[in-house]
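**Student:** Next comes the structure file structure01.cif, holding mmCIF, C-alpha atoms and all ligand atoms.
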data_upload
#
loop_
_atom_site.label_atom_id
_atom_site.label_comp_id
_atom_site.auth_asym_id
_atom_site.auth_seq_id
_atom_site.Cartn_x
_atom_site.Cartn_y
_atom_site.Cartn_z
CA MET A 23 1.48 -7.90 -15.74
CA LEU A 24 -0.03 -9.86 -12.85
CA ALA A 25 2.22 -11.31 -10.13
CA LYS A 26 5.19 -9.19 -11.07
CA ARG A 27 6.06 -9.65 -7.42
CA PRO A 28 4.91 -12.35 -4.95
CA PRO A 29 1.17 -11.82 -4.35
CA MET A 30 0.22 -10.59 -0.86
CA GLY A 31 -3.12 -10.85 0.90
CA TRP A 32 -5.32 -12.80 3.27
CA ASN A 33 -7.13 -16.14 2.87
CA THR A 34 -9.99 -17.45 5.00
CA TRP A 35 -8.96 -21.13 5.20
CA ASN A 36 -6.37 -21.31 8.00
CA THR A 37 -8.63 -19.70 10.55
CA PHE A 38 -12.20 -20.17 9.37
CA GLY A 39 -12.34 -23.39 7.32
CA ASP A 40 -16.02 -24.24 6.83
CA ALA A 41 -17.10 -21.42 9.18
CA VAL A 42 -16.53 -18.81 6.47
CA ASN A 43 -19.30 -16.23 5.93
CA GLU A 44 -20.00 -12.65 4.91
CA GLU A 45 -19.82 -11.26 8.43
CA VAL A 46 -16.36 -12.63 9.30
CA ILE A 47 -14.99 -11.58 5.93
CA LEU A 48 -16.28 -8.01 6.18
CA GLU A 49 -15.00 -7.72 9.75
CA ASN A 50 -11.60 -9.03 8.71
CA VAL A 51 -11.49 -6.60 5.79
CA ASP A 52 -12.25 -3.71 8.16
CA ALA A 53 -9.52 -4.82 10.55
CA PHE A 54 -7.15 -5.31 7.60
CA VAL A 55 -7.60 -1.70 6.50
CA LYS A 56 -7.55 -0.28 10.02
CA LEU A 57 -4.25 -2.01 10.85
CA GLY A 58 -2.56 -0.64 7.73
CA LEU A 59 -2.06 -3.97 5.98
CA ARG A 60 -3.15 -2.43 2.68
CA GLU A 61 -0.46 0.26 2.95
CA ALA A 62 2.08 -2.44 3.80
CA GLY A 63 1.32 -4.06 0.41
CA TYR A 64 -1.28 -6.74 1.25
CA GLU A 65 -3.89 -6.69 -1.45
CA TYR A 66 -5.98 -9.84 -2.11
CA ILE A 67 -8.86 -10.94 0.13
CA VAL A 68 -9.46 -14.58 -0.81
CA ILE A 69 -12.47 -16.72 0.13
CA ASP A 70 -11.32 -20.35 0.27
CA ASP A 71 -13.42 -23.53 0.23
CA CYS A 72 -16.98 -23.94 1.64
CA TRP A 73 -18.58 -20.77 0.27
CA SER A 74 -21.12 -22.41 -2.06
CA LYS A 75 -24.23 -24.55 -1.83
CA LYS A 76 -23.61 -28.30 -1.91
CA GLN A 77 -25.05 -28.63 -5.43
CA ARG A 78 -25.04 -26.50 -8.58
CA ASP A 79 -28.20 -24.74 -9.71
CA PRO A 80 -30.05 -27.45 -11.69
CA GLU A 81 -31.26 -24.95 -14.30
CA THR A 82 -28.23 -22.77 -15.01
CA GLY A 83 -25.54 -25.30 -13.98
CA LYS A 84 -23.82 -22.50 -12.06
CA ILE A 85 -22.18 -22.78 -8.64
CA VAL A 86 -24.31 -20.80 -6.18
CA PRO A 87 -23.14 -19.06 -3.00
CA ASN A 88 -24.64 -20.52 0.16
CA PRO A 89 -27.39 -17.98 1.04
CA GLU A 90 -27.05 -18.65 4.75
CA LYS A 91 -23.35 -17.80 4.71
CA PHE A 92 -23.60 -15.08 2.06
CA PRO A 93 -27.10 -13.55 2.37
CA HIS A 94 -26.32 -10.70 -0.07
CA GLY A 95 -24.54 -12.87 -2.62
CA MET A 96 -20.91 -12.77 -3.73
CA LYS A 97 -20.98 -9.55 -5.77
CA TYR A 98 -21.86 -7.73 -2.56
CA VAL A 99 -18.75 -9.04 -0.80
CA SER A 100 -16.62 -8.34 -3.85
CA ASP A 101 -17.96 -4.75 -4.08
CA TYR A 102 -17.19 -4.24 -0.40
CA VAL A 103 -13.63 -5.49 -0.85
CA HIS A 104 -13.15 -3.27 -3.91
CA SER A 105 -14.60 -0.25 -2.08
CA LYS A 106 -11.69 -0.57 0.36
CA GLY A 107 -9.15 -0.46 -2.46
CA LEU A 108 -8.48 -4.21 -2.20
CA LYS A 109 -8.83 -7.13 -4.61
CA PHE A 110 -11.22 -10.03 -4.35
CA GLY A 111 -10.37 -13.74 -4.62
CA MET A 112 -12.40 -16.95 -4.92
CA TYR A 113 -11.69 -20.68 -4.70
CA SER A 114 -12.60 -23.72 -6.78
CA CYS A 115 -11.17 -27.12 -7.59
CA ALA A 116 -9.96 -28.98 -10.70
CA GLY A 117 -11.81 -32.15 -9.62
CA THR A 118 -15.52 -32.89 -9.45
CA ARG A 119 -15.76 -31.74 -5.80
CA THR A 120 -13.68 -29.39 -3.68
CA CYS A 121 -11.51 -30.76 -0.88
CA ASP A 122 -14.28 -30.10 1.63
CA ASP A 123 -16.94 -31.62 -0.64
CA TYR A 124 -18.59 -28.71 -2.47
CA PRO A 125 -19.03 -28.56 -6.28
CA GLY A 126 -15.70 -28.55 -8.17
CA SER A 127 -15.12 -27.06 -11.61
CA PHE A 128 -14.28 -30.27 -13.51
CA ASP A 129 -16.00 -30.00 -16.91
CA HIS A 130 -17.52 -26.63 -15.90
CA GLU A 131 -14.34 -24.58 -16.16
CA PHE A 132 -15.47 -21.95 -18.67
CA LEU A 133 -18.87 -21.43 -17.03
CA ASP A 134 -17.32 -21.12 -13.59
CA ALA A 135 -14.60 -18.70 -14.72
CA LYS A 136 -17.33 -16.51 -16.23
CA THR A 137 -19.36 -16.71 -13.03
CA PHE A 138 -16.34 -15.66 -10.97
CA ALA A 139 -15.73 -12.79 -13.40
CA GLU A 140 -19.35 -11.70 -12.89
CA TYR A 141 -18.68 -11.53 -9.15
CA GLY A 142 -15.82 -9.13 -9.90
CA CYS A 143 -13.22 -11.73 -8.97
CA ASP A 144 -9.50 -10.82 -9.31
CA PHE A 145 -7.89 -14.06 -8.05
CA LEU A 146 -8.76 -17.75 -8.25
CA LYS A 147 -7.24 -20.44 -6.06
CA TYR A 148 -7.64 -23.75 -7.86
CA ASP A 149 -7.39 -26.96 -5.83
CA PHE A 150 -6.80 -30.62 -6.74
CA CYS A 151 -9.24 -32.91 -4.87
CA TYR A 152 -11.71 -35.40 -6.39
CA MET A 153 -9.77 -35.72 -9.64
CA PRO A 154 -11.26 -38.42 -11.89
CA ASP A 155 -8.71 -41.19 -12.65
CA THR A 156 -8.97 -40.36 -16.33
CA ALA A 157 -8.17 -36.68 -15.80
CA ASN A 158 -4.69 -35.36 -16.51
CA GLY A 159 -3.49 -32.92 -13.82
CA PRO A 160 -1.44 -30.56 -16.00
CA LEU A 161 -4.23 -30.47 -18.60
CA MET A 162 -6.79 -29.49 -15.96
CA TYR A 163 -4.65 -26.47 -15.03
CA ARG A 164 -4.23 -25.57 -18.70
CA ARG A 165 -7.99 -25.70 -19.04
CA MET A 166 -8.69 -23.33 -16.17
CA GLY A 167 -5.84 -21.11 -17.39
CA MET A 168 -7.71 -20.81 -20.70
CA ALA A 169 -11.11 -20.39 -19.04
CA LEU A 170 -9.80 -17.47 -16.98
CA LYS A 171 -8.41 -15.83 -20.14
CA ALA A 172 -11.84 -16.26 -21.76
CA SER A 173 -13.70 -14.87 -18.72
CA GLY A 174 -13.44 -11.24 -19.78
CA ARG A 175 -11.60 -10.23 -16.60
CA GLU A 176 -7.98 -10.19 -15.50
CA ILE A 177 -7.82 -12.89 -12.83
CA LEU A 178 -4.69 -14.01 -11.00
CA PHE A 179 -4.48 -17.81 -11.25
CA SER A 180 -3.32 -19.50 -8.04
CA ALA A 181 -2.78 -23.21 -8.72
CA CYS A 182 -2.92 -25.60 -5.76
CA ASN A 183 -1.94 -29.16 -6.69
CA TRP A 184 0.40 -29.58 -3.67
CA GLY A 185 3.51 -30.19 -5.78
CA SER A 186 2.04 -33.16 -7.71
CA ASP A 187 3.36 -34.17 -11.15
CA GLU A 188 6.55 -32.10 -10.56
CA VAL A 189 4.42 -28.99 -10.83
CA HIS A 190 7.41 -26.60 -10.93
CA LYS A 191 8.40 -27.96 -14.35
CA TRP A 192 5.18 -27.15 -16.23
CA ILE A 193 2.98 -24.82 -14.21
CA ARG A 194 4.29 -21.59 -15.75
CA SER A 195 3.17 -22.83 -19.16
CA THR A 196 -0.49 -22.98 -18.02
CA GLY A 197 -0.68 -19.24 -17.33
CA ALA A 198 -0.71 -19.74 -13.54
CA HIS A 199 0.76 -16.94 -11.38
CA MET A 200 1.59 -18.97 -8.27
CA TYR A 201 1.62 -22.65 -7.44
CA ARG A 202 1.27 -24.51 -4.17
CA SER A 203 4.26 -26.80 -4.00
CA THR A 204 3.48 -28.79 -0.84
CA GLY A 205 0.71 -30.31 1.26
CA ASP A 206 -1.22 -28.17 3.71
CA ILE A 207 0.43 -26.14 6.43
CA HIS A 208 -0.63 -26.53 10.05
CA ASP A 209 0.06 -24.01 12.76
CA ASN A 210 3.10 -25.69 14.30
CA PHE A 211 6.86 -25.42 13.83
CA GLU A 212 7.40 -28.92 12.40
CA SER A 213 4.80 -28.42 9.66
CA MET A 214 6.25 -25.07 8.63
CA LYS A 215 9.84 -26.36 8.73
CA LYS A 216 9.03 -29.43 6.63
CA ILE A 217 7.37 -27.28 3.98
CA ALA A 218 10.22 -24.77 3.83
CA LEU A 219 13.03 -27.33 3.64
CA SER A 220 11.19 -29.35 0.98
CA GLN A 221 11.36 -26.34 -1.34
CA GLU A 222 14.85 -24.92 -0.71
CA ASN A 223 16.28 -26.64 -3.79
CA LEU A 224 13.32 -25.81 -6.03
CA LEU A 225 13.31 -22.04 -5.63
CA GLY A 226 15.12 -21.49 -8.92
CA TYR A 227 11.83 -22.30 -10.66
CA SER A 228 10.03 -19.46 -8.89
CA ALA A 229 10.21 -16.13 -10.70
CA PRO A 230 8.24 -13.00 -11.62
CA GLY A 231 4.97 -14.03 -13.24
CA CYS A 232 4.70 -17.34 -11.34
CA PHE A 233 5.85 -17.93 -7.76
CA ASN A 234 6.36 -21.03 -5.62
CA ASP A 235 3.61 -20.84 -2.99
CA THR A 236 4.71 -22.48 0.27
CA ASP A 237 1.14 -22.06 1.58
CA MET A 238 -0.74 -19.47 3.58
CA LEU A 239 1.09 -18.11 6.61
CA THR A 240 0.03 -19.20 10.07
CA VAL A 241 1.72 -16.17 11.66
CA GLY A 242 -0.44 -14.81 14.49
CA MET A 243 -2.73 -17.84 14.84
CA PHE A 244 -1.21 -19.05 18.13
CA GLY A 245 -3.01 -22.39 17.84
CA LYS A 246 -6.48 -20.94 17.20
CA GLY A 247 -8.66 -21.65 14.17
CA HIS A 248 -9.09 -24.37 11.59
CA VAL A 249 -5.43 -25.36 11.04
CA GLY A 250 -4.39 -24.21 14.51
CA ILE A 251 -3.00 -27.62 15.40
CA GLY A 252 -0.34 -27.21 18.07
CA GLY A 253 0.34 -23.51 17.80
CA CYS A 254 3.57 -21.57 17.44
CA THR A 255 5.66 -19.15 19.50
CA GLU A 256 6.66 -15.66 18.37
CA ALA A 257 10.13 -17.03 17.49
CA ASP A 258 8.49 -19.71 15.30
CA TYR A 259 6.53 -17.00 13.49
CA ARG A 260 9.62 -14.82 12.98
CA THR A 261 11.26 -17.80 11.34
CA GLN A 262 8.25 -18.64 9.21
CA PHE A 263 7.82 -15.10 7.96
CA GLY A 264 11.58 -14.71 7.44
CA LEU A 265 11.80 -17.89 5.37
CA TRP A 266 8.83 -16.93 3.20
CA CYS A 267 10.46 -13.54 2.59
CA MET A 268 13.87 -15.02 1.72
CA PHE A 269 12.10 -17.48 -0.62
CA SER A 270 10.08 -14.78 -2.46
CA ALA A 271 6.97 -16.80 -1.57
CA PRO A 272 3.48 -15.28 -1.76
CA LEU A 273 2.54 -13.67 1.57
CA MET A 274 -1.03 -14.76 2.20
CA LEU A 275 -1.93 -14.17 5.84
CA GLY A 276 -4.14 -16.84 7.41
CA CYS A 277 -4.75 -15.62 10.95
CA ASP A 278 -7.85 -13.85 12.24
CA ILE A 279 -6.89 -10.26 11.40
CA ARG A 280 -9.23 -8.97 14.12
CA THR A 281 -7.00 -10.49 16.81
CA LEU A 282 -3.55 -9.83 15.33
CA THR A 283 -1.22 -8.82 18.20
CA PRO A 284 0.94 -5.66 17.93
CA GLU A 285 4.09 -7.83 17.79
CA MET A 286 2.79 -9.98 14.95
CA LEU A 287 1.45 -6.94 13.11
CA ALA A 288 4.92 -5.38 13.36
CA LEU A 289 6.42 -8.59 11.97
CA VAL A 290 4.14 -8.93 8.94
CA THR A 291 4.43 -5.23 8.11
CA ASN A 292 8.22 -5.00 8.64
CA LYS A 293 9.32 -2.85 5.72
CA ASN A 294 12.74 -4.49 5.33
CA LEU A 295 11.31 -8.01 5.23
CA ILE A 296 8.64 -6.98 2.76
CA ARG A 297 11.26 -5.29 0.61
CA ILE A 298 13.24 -8.57 0.58
CA ASN A 299 10.13 -10.58 -0.29
CA GLN A 300 8.94 -8.17 -2.96
CA ASP A 301 12.30 -7.64 -4.65
CA GLU A 302 11.54 -7.50 -8.35
CA GLU A 303 14.24 -9.96 -9.37
CA ALA A 304 12.99 -12.65 -6.94
CA ARG A 305 16.32 -14.45 -6.91
CA PRO A 306 16.57 -17.73 -5.02
CA PRO A 307 18.92 -17.59 -2.02
CA ILE A 308 22.27 -19.38 -1.77
CA GLU A 309 22.30 -21.81 1.18
CA SER A 310 25.66 -21.47 2.89
CA HIS A 311 25.65 -22.77 6.45
CA THR A 312 29.11 -24.00 7.46
CA GLY A 313 29.00 -25.48 10.92
CA TRP A 314 30.27 -28.66 12.49
CA ASP A 315 26.62 -29.58 12.99
CA ASN A 316 24.75 -29.21 9.74
CA SER A 317 21.43 -30.50 11.00
CA ASP A 318 18.70 -28.04 10.26
CA LYS A 319 20.69 -24.85 10.54
CA ARG A 320 20.50 -22.62 7.51
CA VAL A 321 22.11 -19.44 6.22
CA TYR A 322 20.30 -18.02 3.21
CA PHE A 323 21.96 -15.27 1.18
CA LYS A 324 19.93 -13.45 -1.45
CA HIS A 325 20.97 -10.96 -4.12
CA LEU A 326 18.58 -7.99 -4.30
CA SER A 327 17.91 -5.94 -7.41
CA ASP A 328 19.49 -2.70 -6.11
CA GLY A 329 22.96 -4.18 -5.52
CA GLU A 330 22.35 -4.95 -1.85
CA PHE A 331 21.76 -8.37 -0.31
CA ALA A 332 19.70 -10.07 2.36
CA ILE A 333 21.22 -12.66 4.66
CA GLY A 334 19.22 -14.78 7.10
CA PHE A 335 20.53 -17.08 9.87
CA PHE A 336 17.97 -19.72 10.81
CA ASN A 337 18.23 -22.12 13.73
CA LEU A 338 15.61 -24.75 12.89
CA THR A 339 16.88 -27.09 15.62
CA GLU A 340 15.57 -27.68 19.13
CA ARG A 341 18.43 -26.03 21.04
CA ASP A 342 20.10 -22.63 21.19
CA GLN A 343 23.33 -22.72 19.21
CA PRO A 344 25.59 -20.81 16.83
CA VAL A 345 24.76 -20.55 13.14
CA GLN A 346 27.66 -19.61 10.93
CA THR A 347 28.79 -19.05 7.38
CA ASN A 348 32.07 -18.62 5.54
CA LEU A 349 31.82 -15.58 3.30
CA THR A 350 33.83 -17.40 0.61
CA ASN A 351 30.71 -19.55 0.09
CA LEU A 352 28.83 -16.44 -1.00
CA GLY A 353 31.44 -15.54 -3.60
CA LEU A 354 33.44 -13.13 -1.45
CA SER A 355 37.05 -14.25 -1.79
CA ALA A 356 39.60 -13.45 0.91
CA SER A 357 41.75 -11.53 -1.63
CA SER A 358 38.86 -9.26 -2.65
CA GLY A 359 39.53 -6.61 0.00
CA MET A 360 35.79 -6.34 0.43
CA ALA A 361 33.47 -6.95 3.37
CA LEU A 362 29.76 -7.17 4.08
CA GLU A 363 28.20 -4.50 6.27
CA LEU A 364 25.06 -5.75 8.01
CA THR A 365 21.93 -3.96 9.23
CA ASP A 366 19.37 -5.81 11.37
CA VAL A 367 16.01 -5.86 9.57
CA MET A 368 14.05 -5.79 12.83
CA THR A 369 15.79 -2.83 14.50
CA ASP A 370 17.48 -1.02 11.58
CA GLU A 371 20.65 -1.06 13.72
CA ALA A 372 24.14 -1.61 12.31
CA PHE A 373 25.41 -5.08 13.19
CA GLY A 374 29.00 -4.77 11.99
CA LYS A 375 31.38 -5.40 9.12
CA PHE A 376 32.52 -8.92 8.21
CA ASP A 377 35.19 -10.04 5.73
CA GLU A 378 35.79 -13.69 6.57
CA TYR A 379 32.94 -15.41 8.37
CA ILE A 380 29.84 -14.66 10.44
CA ASN A 381 28.92 -16.64 13.54
CA ILE A 382 25.76 -15.75 15.47
CA HIS A 383 24.27 -17.47 18.48
CA ILE A 384 20.59 -18.03 17.81
CA PRO A 385 17.91 -19.43 20.13
CA ALA A 386 16.12 -22.63 19.06
CA HIS A 387 13.53 -22.03 16.30
CA ASP A 388 14.58 -18.39 15.90
CA CYS A 389 16.40 -16.41 13.23
CA ARG A 390 18.35 -13.20 12.58
CA ILE A 391 17.94 -11.46 9.25
CA PHE A 392 20.02 -8.60 7.87
CA LEU A 393 20.33 -6.36 4.88
CA ALA A 394 23.92 -6.41 3.64
CA LYS A 395 26.08 -4.04 1.59
CA LEU A 396 29.46 -4.59 -0.03
CA VAL A 397 32.05 -2.18 1.45
CA GLU A 398 35.85 -1.93 1.64
CA ALA A 399 37.19 -4.32 4.28
C1 LIG A 401 -6.80 -28.21 0.25
C2 LIG A 401 -5.87 -27.01 0.09
C3 LIG A 401 -6.05 -26.07 1.28
C4 LIG A 401 -7.50 -25.61 1.37
C5 LIG A 401 -8.42 -26.85 1.47
C6 LIG A 401 -9.88 -26.47 1.37
O1 LIG A 401 -6.44 -29.03 1.33
O2 LIG A 401 -4.54 -27.42 -0.02
O3 LIG A 401 -5.20 -24.94 1.14
O4 LIG A 401 -7.83 -24.86 0.25
O5 LIG A 401 -8.14 -27.78 0.43
O6 LIG A 401 -10.71 -27.59 1.50
#
What's the structure tokens form of this structure?
Ligand code: GLA
**Tutor:**
Amino acid sequence: MLAKRPPMGWNTWNTFGDAVNEEVILENVDAFVKLGLREAGYEYIVIDDCWSKKQRDPETGKIVPNPEKFPHGMKYVSDYVHSKGLKFGMYSCAGTRTCDDYPGSFDHEFLDAKTFAEYGCDFLKYDFCYMPDTANGPLMYRRMGMALKASGREILFSACNWGSDEVHKWIRSTGAHMYRSTGDIHDNFESMKKIALSQENLLGYSAPGCFNDTDMLTVGMFGKGHVGIGGCTEADYRTQFGLWCMFSAPLMLGCDIRTLTPEMLALVTNKNLIRINQDEEARPPIESHTGWDNSDKRVYFKHLSDGEFAIGFFNLTERDQPVQTNLTNLGLSASSGMALELTDVMTDEAFGKFDEYINIHIPAHDCRIFLAKLVEA
């Protein structure tokens, strides 16, 4: 089964945009392996938009890699990725052109899926620009879903229609394994926060086999690269990564892996956070913040498959302040005689035992995340 757990990997778009080419991909793959991202669970190396020539081959009708960007062709890149024990991903679009104006797959779905299979492709991100007025969005995803099944290769289908047509209601039926539910992320706190909060009530639709994709991470970009508009602090990135993990969202890194700092590497390879993200039941969290000021503070509580829990306190506001929850909101009644014992995911240190409420002071934009166990009060 593909996408049994939220897919993890790296995508070229956030940092490289149109400047994607063989050299930067191979260098990023090398850095990826050297830094231990593969061992941490990251798997797919995905080439986003802007990899092809501006027009199809007039004779074969096929999309052709741009020979200046990919002098050895796409199979070469795919073989390199596979030789490192990783999986290879490509990008196309359901409309006539891609979002950055390269050939789209509209009316060429089966040919393109076969071409991608010939490259040794394991993952296809499928965008939504240049859709003809007469085209039906859900049908276009069904069509590529079929084309991938007919391609002769097992290919993870990553739909990207930005939440249009209430995508969460029908996307699983197309065979897709993940679905972009929002517009594009930019590397700033407001963009990330808007995306996360827009999905908090739709997470019940995300489950093994097909996950709500809140977009590629900007963790580690620090304002550099294609979507590096504004930039984030380390606290912003802790919050972004923490939210994606609590949401069971795909973890597709988008920074330049060659320049990942030790702190950000430690964050994206944190074994507790990855365990929370990759939990096989992928349950949506309960939101249970109970403060006098409910603006943009969140407490997310998530059941894990082994009987433990994750609980995250997020201060999405602009000032340092307490974030609190009443444990009754999580189902823990006062008469139960039970308490939650917390362990900090960042330090593995015990944080204490709580049987009534939890109140933690959290700096602006930051978060605290814990694993929790039920114990006698
Ligand atoms: C859309 C997608 C982005 C990226 C670009 C490429 O905007 O949402 O993730 O793939 O297209 O042009």
**Student:** In terms of the shortest atom-to-atom distance over only C-alpha atoms, which of A:Leu349, A:Leu282, A:Cys72, A:Leu393 is closest to Ala372 (chain A)?
**Tutor:**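 Under the stated criterion, the closest residue is A:Leu393.
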**Student:** Quick one: contact table of chain A to ligand LIG 401 (chain A), 6 Å max, nearest atom pair and distance in Å to one decimal per residue, counting only C-alpha atoms and all ligand atoms, chain and number order, as JSON lines?
**Tutor:**
{"residue": "A:Asp70", "atom": "CA", "partner": "A:LIG401", "partner_atom": "O4", "distance": 5.7}
{"residue": "A:Asp71", "atom": "CA", "partner": "A:LIG401", "partner_atom": "C6", "distance": 4.7}
{"residue": "A:Cys121", "atom": "CA", "partner": "A:LIG401", "partner_atom": "O6", "distance": 4.0}
{"residue": "A:Asp122", "atom": "CA", "partner": "A:LIG401", "partner_atom": "O6", "distance": 4.4}
{"residue": "A:Asp206", "atom": "CA", "partner": "A:LIG401", "partner_atom": "O2", "distance": 5.0}
**Student:** Go through A:Asp123, A:Glu285, A:Asp388, A:Glu398 and flag the residue nearest Arg260 (chain A), using only C-alpha atoms for the distances.
**Tutor:**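 Going through A:Asp123, A:Glu285, A:Asp388, A:Glu398 one by one, the smallest distance to Arg260 (chain A) is for A:Asp388.
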**Student:** Considering all atoms listed in the file, state which residue in the set A:Pro28, A:Glu340, A:Lys375, A:Asn292 is at the smallest distance from Gly58 (chain A).
**Tutor:**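 Comparing A:Pro28, A:Glu340, A:Lys375, A:Asn292 against Gly58 (chain A), the winner is A:Asn292.
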**Student:** List the neighbours of Gln221 (chain A) out to 10 Å using only C-alpha atoms; skip same-chain residues closer than 3 positions along the sequence, and give me the result as number ranges by chain.
**Tutor:** A: 185, 203-204, 216-218, 224-226, 234-236, 269
**Student:** Pro307 (chain A): which residues within 6 Å, counting only C-alpha atoms, same-chain residues fewer than 2 positions away excluded, as a list in words?
**Tutor:**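 Here the qualifying residues turn out to be Tyr322, Phe323 and Lys324 of chain A.
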**Student:** Report as a PyMOL selection string all protein, DNA and RNA residues lying within 6 Å of Lys395 (chain A), evaluated on only C-alpha atoms, omitting residues in the same chain fewer than 3 positions from it.
**Tutor:** chain A and resi 330+362-363
**Student:** Return the single residue from A:Asp134, A:Asp129, A:Asp40, A:Asp278 that is closest to Val86 (chain A), with distances computed using only C-alpha atoms.
**Tutor:** A:Asp134
**Student:** Using only C-alpha atoms, find the one residue out of A:Leu352, A:Met153, A:Met166, A:Cys389 that sits nearest to Asp377 (chain A).
**Tutor:** A:Leu352
**Student:** Could you check which of A:Lys246, A:Ala169, A:His387, A:Thr137 is closest to Tyr259 (chain A), using all atoms listed in the file?
**Tutor:** A:His387
**Student:** Can you measure CA of Ile298 (chain A) to CA of Lys26 (chain A) for me? One decimal in Å is fine.
**Tutor:**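 Interatomic distance, CA of Ile298 (chain A) to CA of Lys26 (chain A): 14.2 Å.
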**Student:** Work out how far CA of Phe138 (chain A) is from CA of Leu24 (chain A), in Å to one decimal.
**Tutor:** 17.4 Å
**Student:** Identify the residues around (1.4, 1.2, 2.1) within a radius of 12 Å, measuring from all atoms listed in the file in the coordinates stated by the file, and give them as a ChimeraX atom specification.
**Tutor:** /A:55,57-65,107,291-293,296-297
**Student:** Would you output that residue set with C-alpha atoms, as an mmCIF file, in the coordinates of the input?
**Tutor:**
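Result file follows (out.cif):
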data_model
loop_
_atom_site.group_PDB
_atom_site.id
_atom_site.type_symbol
_atom_site.label_atom_id
_atom_site.label_comp_id
_atom_site.auth_asym_id
_atom_site.auth_seq_id
_atom_site.Cartn_x
_atom_site.Cartn_y
_atom_site.Cartn_z
ATOM 1 C CA VAL A 55 -7.600 -1.700 6.500
ATOM 2 C CA LEU A 57 -4.250 -2.010 10.850
ATOM 3 C CA GLY A 58 -2.560 -0.640 7.730
ATOM 4 C CA LEU A 59 -2.060 -3.970 5.980
ATOM 5 C CA ARG A 60 -3.150 -2.430 2.680
ATOM 6 C CA GLU A 61 -0.460 0.260 2.950
ATOM 7 C CA ALA A 62 2.080 -2.440 3.800
ATOM 8 C CA GLY A 63 1.320 -4.060 0.410
ATOM 9 C CA TYR A 64 -1.280 -6.740 1.250
ATOM 10 C CA GLU A 65 -3.890 -6.690 -1.450
ATOM 11 C CA GLY A 107 -9.150 -0.460 -2.460
ATOM 12 C CA THR A 291 4.430 -5.230 8.110
ATOM 13 C CA ASN A 292 8.220 -5.000 8.640
ATOM 14 C CA LYS A 293 9.320 -2.850 5.720
ATOM 15 C CA ILE A 296 8.640 -6.980 2.760
ATOM 16 C CA ARG A 297 11.260 -5.290 0.610
#
**Student:** Could you work out how far CA of Glu45 (chain A) lies from CA of Lys136 (chain A), giving the answer in Å with one decimal?
**Tutor:** 25.3 Å
